[in-house]
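Chemist: Got a structure for you, written out below as structure tokens; questions coming shortly.
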Amino acid sequence: MSGARTELTLGPNLFNWAPERWRDFYFRIADEAPVAVVYLGETICSKRAPLFSDYYEAVSERLGAAGKTVVHSTLGETASRIDRRLVSDVCERTADLIEANDASAALFLRGRPHYIGPLMNVYNEETLRFLASKGAQNICLPIELPFAAACVLCAVAASEKVMIEVQVFGRQSLALSARCYHARAHGRTRDTCRFVCENDPDGLVLTTLERTPFLVANGVQTLSYEYLNLVQEIPALKAAGVVRYRLSPHSCDMVQVATTFRSVLDGTLATGEALARLEELPIDAPFSNGFHHGRPGHGWTVPNTNVRS
């Protein structure tokens with residue numbers, strides 16, 4: 001797979017945006033962003049899924065008309081009957097490619113070409129081979145895997161004719177829970193949340209007792225406070241055989257983010273200059289790349305070189 005052309009992808013939107021804002025975001029992605037693959041679908045909370053149903057078809061058609069491959073993502077956690085029904089409906093009624101984000105979706109998709117999302121725990125070679133034998137064609141690695149482990153999995157993926165995808169930008173998903181943190185923070189339950197998560201387009205920042213930003217809550221999901229940024233690691237990832245590079249949507253200018261990463265992948269922009277451009281984004285949080293370097297995930301390794309991939 002190391003000889004395959006690299007592709008930039010846009011992961012599913014993890015947050016609860018107003019439906020019209022959600023629609024307009026993807027319309028702009030279709031028209032302006034240099035991404036090859038766009039993942040659509042609710043991966044965090046089944047209660048949110050109906051909010052976007054009126055626009056889902058129009059968004060899919062707009063993306064397809066722009067030449068982008070649309071992949072439908074499933075929930076990352078199935079804790080209720082409603083969750084299970086949503087997963088089964090997506091898997092059974094969607095003819096397009098589907099990304100499984102938990103084992104229940106993978107069960108429905110066995111024997112059918114499909115993708116594996118980063119919320120699945122693909123940590124070793126045997127897991128990768130098993131999923132490939134069931135029809136997995138693309139595997140997005142968990143964000144906590146260090147680069148050394150990704151290299152091993154890239155080698156196995158090449159022999160199995162599976163593409164490896166790595167998230168390179170955006171807050172990192174750390175955990176999922178049966179409880180909704182957003183609802184609890186406002187004195188509500190998951191069933192009576194009244195979609196309070198819509199007030200935080202990039203998640204609800206949590207602080208320590210010393211008022212230091214620490215983590216981010218997004219409904220039942222815990223995210224990193226820092227934004228993952230692997231733009232300086234692109235050359236090494238390409239050399240290792242990573243084919244796809246995932247951006248996670250946020251409220252910042254994702255067209256600018258995509259254009260910057262695409263330029264680095266094409267070798268027309270040096271990593272140092274790309275990092276400088278990304279640092280200009282109005283993001284109220286630092287960047288991190290700790291997991292990639294086998295260190296605590298919130299950490300940041302200062303780039304040593306300014307290279308073109």
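So you can find residues: chains in the structure tokens are A, B, ... in the order shown, residues in each start at 1, and ligands are numbered from 1 in order.
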Output as a tab-separated table one row per residue of stretch 164-226 of chain A within 10 Å of stretch 230-235 of chain A: the closest atom pair and its distance in Å to one decimal place, counting only C-alpha atoms, sorted by chain and residue number ascending.
Modeler:
residue	atom	partner	partner_atom	distance
A:Val166	CA	A:Leu230	CA	9.5
A:Gln167	CA	A:Leu230	CA	8.2
A:Val168	CA	A:Leu230	CA	4.8
A:Phe169	CA	A:Leu230	CA	6.6
A:Gly170	CA	A:Leu230	CA	9.7
Chemist: Leaving out stretch 13-30 of chain A and any residue of its chain fewer than 2 positions from it, which residues lie within 7 Å of it when counting only C-alpha atoms, given as a count of residues only?
Modeler: 21
Chemist: Please determine, counting only C-alpha atoms, which residue among A:Leu204, A:Pro286, A:Pro50, A:Ala185 has the shortest atom-to-atom distance to A:Leu223.
Modeler: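 Of A:Leu204, A:Pro286, A:Pro50, A:Ala185, the one nearest A:Leu223 is A:Leu204, counting only C-alpha atoms.
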Chemist: Please identify all polymer residues within 7 Å of A:Leu97, counting only C-alpha atoms, omitting same-chain residues fewer than 5 positions from it, and present them as a ChimeraX atom specification.
Modeler: /A:71-72,114
Chemist: Under the rule that only C-alpha atoms are counted, which of A:Cys45, A:Val243, A:Ala36, A:Ala183 is the nearest residue to A:Gln137?
Modeler: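 The shortest atom-to-atom distance to A:Gln137 comes from A:Val243.
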Chemist: Kindly indicate which residue among A:Ala236, A:Ala274, A:Ala285, A:Ala155 lies nearest to A:Val216, using only C-alpha atoms for the distances.
Modeler: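 Among the listed residues, A:Ala285 lies closest to A:Val216.
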